[in-house]
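Asks: Okay, so here is input-v9.txt, and as you'll see once you scroll down, it has compact mmCIF, N, CA and C atoms.
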```txt
# COMPACT_ATOMS: atom_id res chain seq x y z
N MET A 1 -122.06 192.34 199.56
CA MET A 1 -121.06 193.04 200.35
C MET A 1 -121.34 192.79 201.83
N THR A 2 -120.29 192.39 202.58
CA THR A 2 -120.45 192.13 204.01
C THR A 2 -120.15 193.40 204.80
N THR A 3 -120.83 193.52 205.93
CA THR A 3 -120.60 194.71 206.76
C THR A 3 -119.57 194.38 207.84
N VAL A 4 -118.82 195.36 208.25
CA VAL A 4 -117.80 195.20 209.28
C VAL A 4 -118.44 195.52 210.62
N PRO A 5 -118.32 194.64 211.62
CA PRO A 5 -118.93 194.91 212.92
C PRO A 5 -118.32 196.16 213.55
N SER A 6 -119.12 196.92 214.25
CA SER A 6 -118.64 198.17 214.83
C SER A 6 -117.95 197.96 216.18
N ASN A 7 -118.21 196.83 216.83
CA ASN A 7 -117.54 196.59 218.10
C ASN A 7 -117.35 195.09 218.31
N LYS A 8 -116.56 194.75 219.33
CA LYS A 8 -116.24 193.35 219.59
C LYS A 8 -117.47 192.54 219.97
N ARG A 9 -118.39 193.17 220.69
CA ARG A 9 -119.56 192.44 221.15
C ARG A 9 -120.34 191.89 219.96
N SER A 10 -120.55 192.72 218.97
CA SER A 10 -121.29 192.22 217.81
C SER A 10 -120.42 191.33 216.94
N LYS A 11 -119.10 191.53 216.99
CA LYS A 11 -118.21 190.70 216.21
C LYS A 11 -118.24 189.25 216.69
N TYR A 12 -118.32 189.07 218.03
CA TYR A 12 -118.26 187.74 218.60
C TYR A 12 -119.64 187.11 218.80
N ARG A 13 -120.69 187.69 218.34
CA ARG A 13 -122.02 187.08 218.43
C ARG A 13 -122.02 185.74 217.72
N GLY A 14 -122.49 184.73 218.41
CA GLY A 14 -122.56 183.40 217.81
C GLY A 14 -121.28 182.61 217.92
N SER A 15 -120.20 183.23 218.40
CA SER A 15 -118.94 182.53 218.55
C SER A 15 -118.92 181.85 219.91
N ARG A 16 -118.40 180.63 219.97
CA ARG A 16 -118.43 179.87 221.21
C ARG A 16 -117.42 180.40 222.23
N THR A 17 -116.24 180.82 221.79
CA THR A 17 -115.19 181.19 222.74
C THR A 17 -114.78 182.65 222.64
N CYS A 18 -115.37 183.43 221.78
CA CYS A 18 -115.14 184.88 221.68
C CYS A 18 -113.66 185.22 221.55
N GLY A 19 -112.94 184.52 220.71
CA GLY A 19 -111.54 184.83 220.45
C GLY A 19 -110.58 184.31 221.49
N GLY A 20 -111.03 183.45 222.40
CA GLY A 20 -110.17 182.94 223.46
C GLY A 20 -109.52 181.64 223.13
N GLY A 21 -109.52 181.21 221.91
CA GLY A 21 -108.91 179.94 221.55
C GLY A 21 -109.89 178.80 221.77
N THR A 22 -109.34 177.65 222.11
CA THR A 22 -110.19 176.48 222.31
C THR A 22 -111.03 176.63 223.59
N HIS A 23 -112.03 175.80 223.71
CA HIS A 23 -112.94 175.94 224.83
C HIS A 23 -112.29 175.58 226.17
N LYS A 24 -111.10 174.99 226.15
CA LYS A 24 -110.40 174.63 227.38
C LYS A 24 -109.58 175.79 227.95
N ASN A 25 -109.40 176.83 227.19
CA ASN A 25 -108.63 177.98 227.66
C ASN A 25 -109.50 178.87 228.56
N ARG A 26 -108.85 179.81 229.26
CA ARG A 26 -109.52 180.81 230.12
C ARG A 26 -110.36 180.16 231.21
N ARG A 27 -109.85 179.09 231.79
CA ARG A 27 -110.68 178.37 232.74
C ARG A 27 -110.43 178.74 234.19
N ASN A 28 -109.21 178.59 234.69
CA ASN A 28 -108.96 178.68 236.12
C ASN A 28 -108.04 179.85 236.46
N GLY A 29 -107.49 179.80 237.68
CA GLY A 29 -106.66 180.90 238.13
C GLY A 29 -105.38 181.06 237.35
N GLY A 30 -104.92 180.00 236.71
CA GLY A 30 -103.67 180.09 235.96
C GLY A 30 -103.76 181.01 234.78
N SER A 31 -104.95 181.19 234.25
CA SER A 31 -105.07 182.06 233.07
C SER A 31 -105.02 183.53 233.45
N ARG A 32 -105.13 183.83 234.76
CA ARG A 32 -105.03 185.23 235.17
C ARG A 32 -103.85 185.47 236.12
N GLY A 33 -102.91 184.52 236.16
CA GLY A 33 -101.71 184.72 236.96
C GLY A 33 -101.90 184.40 238.43
N GLY A 34 -102.91 183.65 238.78
CA GLY A 34 -103.16 183.29 240.16
C GLY A 34 -104.38 183.99 240.71
N ARG A 35 -104.90 183.44 241.78
CA ARG A 35 -106.09 184.02 242.41
C ARG A 35 -105.70 184.96 243.54
N GLY A 36 -106.54 185.91 243.83
CA GLY A 36 -106.35 186.77 244.99
C GLY A 36 -105.10 187.61 244.90
N PHE A 37 -104.27 187.54 245.98
CA PHE A 37 -103.07 188.37 246.05
C PHE A 37 -101.84 187.65 245.49
N ALA A 38 -102.05 186.62 244.68
CA ALA A 38 -100.91 185.85 244.16
C ALA A 38 -100.05 186.71 243.26
N GLY A 39 -98.74 186.53 243.35
CA GLY A 39 -97.81 187.21 242.47
C GLY A 39 -97.55 188.65 242.81
N GLY A 40 -97.92 189.07 243.99
CA GLY A 40 -97.76 190.48 244.34
C GLY A 40 -96.32 190.93 244.41
N CYS A 41 -95.40 190.01 244.78
CA CYS A 41 -93.99 190.40 244.83
C CYS A 41 -93.24 189.82 243.63
N LYS A 42 -93.97 189.28 242.66
CA LYS A 42 -93.32 188.73 241.48
C LYS A 42 -93.92 189.30 240.22
N HIS A 43 -94.82 188.58 239.58
CA HIS A 43 -95.29 189.01 238.26
C HIS A 43 -96.39 190.06 238.30
N HIS A 44 -97.02 190.29 239.45
CA HIS A 44 -98.03 191.34 239.56
C HIS A 44 -97.55 192.50 240.44
N PHE A 45 -96.23 192.72 240.50
CA PHE A 45 -95.71 193.69 241.45
C PHE A 45 -96.14 195.11 241.14
N VAL A 46 -96.28 195.46 239.85
CA VAL A 46 -96.67 196.83 239.51
C VAL A 46 -98.08 197.12 240.02
N ARG A 47 -98.96 196.18 239.85
CA ARG A 47 -100.33 196.33 240.33
C ARG A 47 -100.35 196.57 241.84
N TYR A 48 -99.52 195.84 242.57
CA TYR A 48 -99.51 195.96 244.02
C TYR A 48 -98.85 197.24 244.49
N TYR A 49 -97.82 197.70 243.80
CA TYR A 49 -97.22 199.00 244.15
C TYR A 49 -98.23 200.12 243.94
N LEU A 50 -98.98 200.05 242.85
CA LEU A 50 -99.98 201.09 242.59
C LEU A 50 -101.10 201.06 243.62
N GLN A 51 -101.40 199.90 244.17
CA GLN A 51 -102.43 199.79 245.20
C GLN A 51 -101.90 200.15 246.58
N GLY A 52 -100.60 200.35 246.70
CA GLY A 52 -100.01 200.73 247.99
C GLY A 52 -99.67 199.57 248.88
N ARG A 53 -99.70 198.35 248.38
CA ARG A 53 -99.36 197.20 249.20
C ARG A 53 -97.85 196.98 249.16
N THR A 54 -97.31 196.54 250.27
CA THR A 54 -95.89 196.25 250.32
C THR A 54 -95.70 194.86 250.89
N PHE A 55 -94.52 194.30 250.68
CA PHE A 55 -94.22 192.96 251.15
C PHE A 55 -92.97 192.99 252.00
N GLY A 56 -92.90 192.06 252.93
CA GLY A 56 -91.73 191.93 253.77
C GLY A 56 -91.84 192.77 255.02
N LYS A 57 -90.88 192.59 255.90
CA LYS A 57 -90.86 193.32 257.15
C LYS A 57 -90.04 194.59 256.98
N ASP A 58 -90.38 195.59 257.79
CA ASP A 58 -89.67 196.86 257.70
C ASP A 58 -89.50 197.40 259.11
N GLY A 59 -88.29 197.69 259.49
CA GLY A 59 -88.04 198.29 260.79
C GLY A 59 -88.13 197.28 261.92
N PHE A 60 -88.52 197.75 263.08
CA PHE A 60 -88.63 196.90 264.25
C PHE A 60 -89.86 197.32 265.03
N SER A 61 -90.35 196.42 265.86
CA SER A 61 -91.50 196.74 266.68
C SER A 61 -91.02 197.19 268.05
N HIS A 62 -91.53 198.31 268.49
CA HIS A 62 -91.10 198.84 269.78
C HIS A 62 -91.96 198.29 270.91
N ASP A 63 -91.58 198.57 272.10
CA ASP A 63 -92.30 198.12 273.28
C ASP A 63 -93.68 198.76 273.29
N GLN A 64 -94.73 197.96 273.45
CA GLN A 64 -96.10 198.46 273.34
C GLN A 64 -96.64 199.01 274.66
N ARG A 65 -95.88 198.92 275.74
CA ARG A 65 -96.38 199.41 277.01
C ARG A 65 -96.49 200.92 277.01
N GLU A 66 -97.50 201.43 277.67
CA GLU A 66 -97.65 202.87 277.81
C GLU A 66 -97.25 203.27 279.21
N ASP A 67 -96.53 204.39 279.32
CA ASP A 67 -96.17 204.89 280.63
C ASP A 67 -97.41 205.45 281.32
N PRO A 68 -97.51 205.28 282.64
CA PRO A 68 -98.67 205.82 283.33
C PRO A 68 -98.62 207.35 283.37
N ALA A 69 -99.78 207.95 283.50
CA ALA A 69 -99.84 209.40 283.65
C ALA A 69 -99.21 209.76 284.99
N THR A 70 -98.44 210.83 285.00
CA THR A 70 -97.70 211.20 286.20
C THR A 70 -98.03 212.63 286.62
N ILE A 71 -97.75 212.92 287.88
CA ILE A 71 -97.88 214.28 288.41
C ILE A 71 -96.87 214.42 289.54
N ASP A 72 -96.38 215.63 289.75
CA ASP A 72 -95.42 215.89 290.80
C ASP A 72 -96.13 216.23 292.10
N VAL A 73 -95.45 215.94 293.24
CA VAL A 73 -96.04 216.27 294.53
C VAL A 73 -96.16 217.78 294.69
N GLY A 74 -95.25 218.52 294.09
CA GLY A 74 -95.34 219.98 294.14
C GLY A 74 -96.57 220.48 293.42
N ALA A 75 -96.94 219.83 292.33
CA ALA A 75 -98.15 220.22 291.59
C ALA A 75 -99.39 219.89 292.41
N LEU A 76 -99.37 218.78 293.14
CA LEU A 76 -100.50 218.45 294.02
C LEU A 76 -100.66 219.51 295.10
N GLU A 77 -99.52 219.97 295.62
CA GLU A 77 -99.54 221.02 296.64
C GLU A 77 -100.18 222.30 296.08
N VAL A 78 -99.81 222.68 294.88
CA VAL A 78 -100.35 223.90 294.26
C VAL A 78 -101.83 223.73 293.95
N MET A 79 -102.23 222.54 293.51
CA MET A 79 -103.62 222.31 293.10
C MET A 79 -104.54 221.92 294.24
N ALA A 80 -104.05 221.89 295.45
CA ALA A 80 -104.82 221.35 296.58
C ALA A 80 -106.17 222.03 296.76
N ASP A 81 -106.20 223.37 296.73
CA ASP A 81 -107.47 224.08 296.93
C ASP A 81 -108.45 223.79 295.79
N ALA A 82 -107.94 223.73 294.56
CA ALA A 82 -108.81 223.44 293.42
C ALA A 82 -109.34 222.02 293.49
N LEU A 83 -108.53 221.09 293.97
CA LEU A 83 -108.98 219.69 294.12
C LEU A 83 -110.05 219.58 295.19
N LEU A 84 -109.92 220.34 296.27
CA LEU A 84 -110.94 220.35 297.31
C LEU A 84 -112.26 220.91 296.76
N ALA A 85 -112.17 221.96 295.96
CA ALA A 85 -113.38 222.58 295.41
C ALA A 85 -114.08 221.65 294.43
N ARG A 86 -113.32 220.87 293.69
CA ARG A 86 -113.92 219.97 292.70
C ARG A 86 -114.33 218.62 293.30
N GLY A 87 -114.00 218.39 294.55
CA GLY A 87 -114.38 217.14 295.20
C GLY A 87 -113.43 215.99 294.93
N LEU A 88 -112.24 216.27 294.41
CA LEU A 88 -111.26 215.23 294.14
C LEU A 88 -110.34 215.00 295.34
N ALA A 89 -110.46 215.84 296.36
CA ALA A 89 -109.68 215.68 297.58
C ALA A 89 -110.59 215.94 298.77
N LYS A 90 -110.21 215.35 299.92
CA LYS A 90 -110.99 215.54 301.15
C LYS A 90 -110.06 216.04 302.24
N LEU A 91 -110.61 216.81 303.15
CA LEU A 91 -109.85 217.29 304.28
C LEU A 91 -110.23 216.45 305.49
N GLU A 92 -109.28 215.65 305.97
CA GLU A 92 -109.50 214.77 307.12
C GLU A 92 -108.65 215.29 308.28
N GLY A 93 -109.24 216.17 309.08
CA GLY A 93 -108.48 216.81 310.15
C GLY A 93 -107.46 217.75 309.54
N GLU A 94 -106.18 217.49 309.83
CA GLU A 94 -105.12 218.30 309.23
C GLU A 94 -104.62 217.70 307.91
N ASN A 95 -104.93 216.46 307.68
CA ASN A 95 -104.44 215.79 306.47
C ASN A 95 -105.35 216.08 305.28
N LEU A 96 -104.72 216.28 304.14
CA LEU A 96 -105.44 216.42 302.88
C LEU A 96 -105.36 215.07 302.18
N SER A 97 -106.50 214.42 301.95
CA SER A 97 -106.53 213.08 301.36
C SER A 97 -106.82 213.20 299.87
N ILE A 98 -105.90 212.69 299.05
CA ILE A 98 -106.02 212.79 297.59
C ILE A 98 -105.94 211.39 296.99
N ASP A 99 -106.91 211.06 296.13
CA ASP A 99 -106.87 209.80 295.38
C ASP A 99 -106.44 210.11 293.95
N ALA A 100 -105.23 209.70 293.59
CA ALA A 100 -104.67 210.03 292.28
C ALA A 100 -105.41 209.30 291.15
N ALA A 101 -105.93 208.10 291.43
CA ALA A 101 -106.64 207.35 290.40
C ALA A 101 -107.90 208.07 289.96
N ALA A 102 -108.53 208.80 290.88
CA ALA A 102 -109.74 209.55 290.53
C ALA A 102 -109.42 210.68 289.55
N MET A 103 -108.17 211.15 289.59
CA MET A 103 -107.74 212.21 288.65
C MET A 103 -107.18 211.62 287.36
N GLY A 104 -107.04 210.31 287.29
CA GLY A 104 -106.47 209.68 286.10
C GLY A 104 -104.96 209.65 286.11
N VAL A 105 -104.37 209.71 287.30
CA VAL A 105 -102.91 209.72 287.44
C VAL A 105 -102.47 208.38 288.00
N GLY A 106 -101.41 207.80 287.41
CA GLY A 106 -100.93 206.50 287.85
C GLY A 106 -99.73 206.56 288.76
N LYS A 107 -98.87 207.60 288.60
CA LYS A 107 -97.64 207.63 289.38
C LYS A 107 -97.39 209.05 289.87
N ILE A 108 -96.90 209.14 291.12
CA ILE A 108 -96.58 210.43 291.73
C ILE A 108 -95.06 210.57 291.72
N LEU A 109 -94.58 211.69 291.16
CA LEU A 109 -93.15 211.96 291.08
C LEU A 109 -92.76 212.98 292.14
N GLY A 110 -91.44 213.12 292.38
CA GLY A 110 -90.97 213.88 293.54
C GLY A 110 -90.53 215.30 293.31
N SER A 111 -90.87 215.92 292.22
CA SER A 111 -90.43 217.29 291.98
C SER A 111 -91.34 218.27 292.71
N GLY A 112 -90.75 219.35 293.22
CA GLY A 112 -91.54 220.38 293.89
C GLY A 112 -91.42 220.31 295.40
N ARG A 113 -92.04 221.32 296.07
CA ARG A 113 -91.99 221.39 297.53
C ARG A 113 -93.31 220.94 298.13
N VAL A 114 -93.23 220.31 299.30
CA VAL A 114 -94.43 219.86 300.01
C VAL A 114 -94.41 220.51 301.39
N THR A 115 -95.44 221.31 301.69
CA THR A 115 -95.52 221.96 302.99
C THR A 115 -96.75 221.50 303.77
N ARG A 116 -97.74 220.95 303.09
CA ARG A 116 -98.95 220.46 303.75
C ARG A 116 -98.83 218.98 304.07
N ARG A 117 -99.60 218.53 305.03
CA ARG A 117 -99.68 217.10 305.32
C ARG A 117 -100.68 216.49 304.35
N MET A 118 -100.20 215.60 303.49
CA MET A 118 -101.07 214.99 302.48
C MET A 118 -101.01 213.48 302.60
N LYS A 119 -102.18 212.87 302.45
CA LYS A 119 -102.29 211.41 302.40
C LYS A 119 -102.69 211.10 300.95
N VAL A 120 -101.72 210.65 300.16
CA VAL A 120 -101.92 210.44 298.73
C VAL A 120 -102.00 208.96 298.43
N THR A 121 -103.04 208.56 297.71
CA THR A 121 -103.20 207.17 297.28
C THR A 121 -102.98 207.11 295.78
N ALA A 122 -102.03 206.27 295.36
CA ALA A 122 -101.72 206.14 293.93
C ALA A 122 -101.19 204.74 293.66
N ALA A 123 -101.11 204.39 292.38
CA ALA A 123 -100.61 203.06 292.00
C ALA A 123 -99.11 202.95 292.23
N ALA A 124 -98.36 204.06 292.03
CA ALA A 124 -96.91 204.01 292.18
C ALA A 124 -96.39 205.37 292.63
N PHE A 125 -95.27 205.33 293.35
CA PHE A 125 -94.60 206.55 293.83
C PHE A 125 -93.13 206.44 293.51
N SER A 126 -92.49 207.57 293.22
CA SER A 126 -91.04 207.58 293.15
C SER A 126 -90.50 207.67 294.57
N GLU A 127 -89.23 207.32 294.73
CA GLU A 127 -88.63 207.36 296.07
C GLU A 127 -88.64 208.78 296.61
N ALA A 128 -88.34 209.76 295.77
CA ALA A 128 -88.30 211.15 296.23
C ALA A 128 -89.68 211.62 296.67
N ALA A 129 -90.72 211.19 295.96
CA ALA A 129 -92.08 211.60 296.33
C ALA A 129 -92.45 211.01 297.68
N LYS A 130 -92.11 209.74 297.92
CA LYS A 130 -92.40 209.13 299.22
C LYS A 130 -91.70 209.87 300.36
N LYS A 131 -90.40 210.18 300.15
CA LYS A 131 -89.62 210.87 301.18
C LYS A 131 -90.22 212.23 301.49
N LYS A 132 -90.60 212.99 300.46
CA LYS A 132 -91.14 214.33 300.69
C LYS A 132 -92.48 214.29 301.39
N LEU A 133 -93.34 213.34 301.01
CA LEU A 133 -94.64 213.24 301.66
C LEU A 133 -94.49 212.84 303.12
N GLU A 134 -93.61 211.89 303.41
CA GLU A 134 -93.44 211.43 304.78
C GLU A 134 -92.68 212.45 305.64
N ALA A 135 -91.80 213.23 305.01
CA ALA A 135 -91.08 214.28 305.75
C ALA A 135 -92.02 215.39 306.20
N SER A 136 -93.08 215.63 305.43
CA SER A 136 -94.04 216.69 305.82
C SER A 136 -95.10 216.16 306.76
N GLY A 137 -95.05 214.87 307.13
CA GLY A 137 -96.01 214.30 308.05
C GLY A 137 -97.16 213.60 307.35
N GLY A 138 -97.08 213.43 306.06
CA GLY A 138 -98.15 212.78 305.30
C GLY A 138 -97.86 211.31 305.07
N GLN A 139 -98.65 210.73 304.16
CA GLN A 139 -98.50 209.30 303.85
C GLN A 139 -98.54 209.11 302.33
N ALA A 140 -97.80 208.10 301.88
CA ALA A 140 -97.85 207.67 300.49
C ALA A 140 -98.38 206.24 300.48
N ILE A 141 -99.62 206.07 300.03
CA ILE A 141 -100.27 204.77 300.08
C ILE A 141 -100.34 204.20 298.67
N GLY A 142 -99.66 203.09 298.45
CA GLY A 142 -99.69 202.43 297.15
C GLY A 142 -100.93 201.58 297.00
N ALA A 143 -101.64 201.78 295.90
CA ALA A 143 -102.90 201.03 295.69
C ALA A 143 -102.62 199.65 295.16
```
Reformat the file's structure so that it appears as structure tokens.
Replies:
Amino acid sequence: MTTVPSNKRSKYRGSRTCGGGTHKNRRNGGSRGGRGFAGGCKHHFVRYYLQGRTFGKDGFSHDQREDPATIDVGALEVMADALLARGLAKLEGENLSIDAAAMGVGKILGSGRVTRRMKVTAAAFSEAAKKKLEASGGQAIGA
């Protein structure tokens, strides 16, 4: 009486191809549907959907530029004493000298009131900010 193997491993002991047909089968990428990511949008699409991969373009790419950090001249006026205390502004005679780049600000906008004479250095100014600074006797210096 012959015994029945309990698993495939013992069943295929001594077999040259372990149920894979002739020795020429199971050789290259064709026997597994391609190598790597092959067939992701065709015959292996279910596998790729389950892995979360997608194919093709979707939507549009927007402009990658970032707007500079901004602050209003009125806010500079309000923060003037705090800026002096923190060392971010200097008092040069009657003029208050402020470097916007030291605060991490790229552009000065024109909202608010300006009553002090301020000499502000920044990368960019709006037209209204320049007018208000110069009307109060200050300067707008573009870096």
Asks: Between atom CA of Cys41 of chain A and atom C of Phe55 of chain A, measure the distance and give it in Å to one decimal.
Replies: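 Between atom CA of Cys41 of chain A and atom C of Phe55 of chain A the gap is 7.7 Å.
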Asks: Skipping near chain neighbours, those fewer than 3 positions away, what residues fall within 7 Å of Leu88 of chain A using all atoms listed in the file, listed as a list in words?
Replies: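 Counting only the stated atoms, we get Ala82, Leu83, Leu84, Ala85, Ser97, Ile98, Asp99, Ala102 and Met103 of chain A.
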Asks: One decimal, in Å: what's the spacing between atom CA of Lys24 of chain A and atom CA of Gly39 of chain A?
Replies: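 Going from atom CA of Lys24 of chain A over to atom CA of Gly39 of chain A, I get 23.3 Å.
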Asks: Taking only C-alpha atoms into account, name the residue in A:Gly87, A:Gly142, A:Pro5, A:Gly33 that is nearest to Lys119 of chain A.
Replies: A:Gly142
Asks: Mind pulling up the distance from atom C of Arg86 of chain A to atom CA of Gly110 of chain A?
Replies: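 Between atom CA of Gly110 of chain A and atom C of Arg86 of chain A the gap is 23.8 Å.
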Asks: So which residues touch segment 125-137 of chain A within 6 Å, counting only N, CA and C atoms, skipping near sequence neighbours fewer than 4 positions away, as a list in words?
Replies: Lys107, Ile108, Leu109, Gly110, Val114, Thr115, Arg116, Arg117 and Met118 of chain A
Asks: DSSP on the backbone, alpha helix (DSSP H) only: what residues of segment 18-89 of chain A does that give? Format it as a PyMOL selection string.
Replies: chain A and resi 45-51+73-86
Asks: My list of candidates is A:Arg35, A:Arg113, A:His43, A:Arg53. Which is closest to Val73 of chain A when distances are computed with only C-alpha atoms?
Replies: A:Arg113
Asks: Run DSSP on the backbone and grab whatever in chain A lands in strand (DSSP E); send it over as an MDAnalysis selection string.
Replies: chainID A and resid 70:72 89:92 95:99 107:109 118:122 124:125 139:142
Asks: Show me, as an MDAnalysis selection string, the residues that have an atom within 5 Å of Asp72 of chain A when counting all atoms listed in the file, minus same-chain residues fewer than 2 positions from it.
Replies: chainID A and resid 70 74:76 109 111
Asks: Determine, counting all atoms listed in the file, which protein, DNA and RNA residues have an atom within 5 Å of an atom of Val120 of chain A; residues of the same chain fewer than 6 positions away are not included. Present the result as number ranges by chain.
Replies: A: 98, 139-141
Asks: Would you kindly return, as number ranges by chain, each protein, DNA or RNA residue with an atom no farther than 12 Å from any atom of Gly40 of chain A, considering only C-alpha atoms and excluding same-chain residues fewer than 2 positions away?
Replies: A: 33-38, 42-56
Asks: For the point (-99.9, 206.8, 282.2) in file coordinates, what residues are within 8 Å, counting all atoms listed in the file? Give the answer as a ChimeraX atom specification?
Replies: /A:66-70,104-107
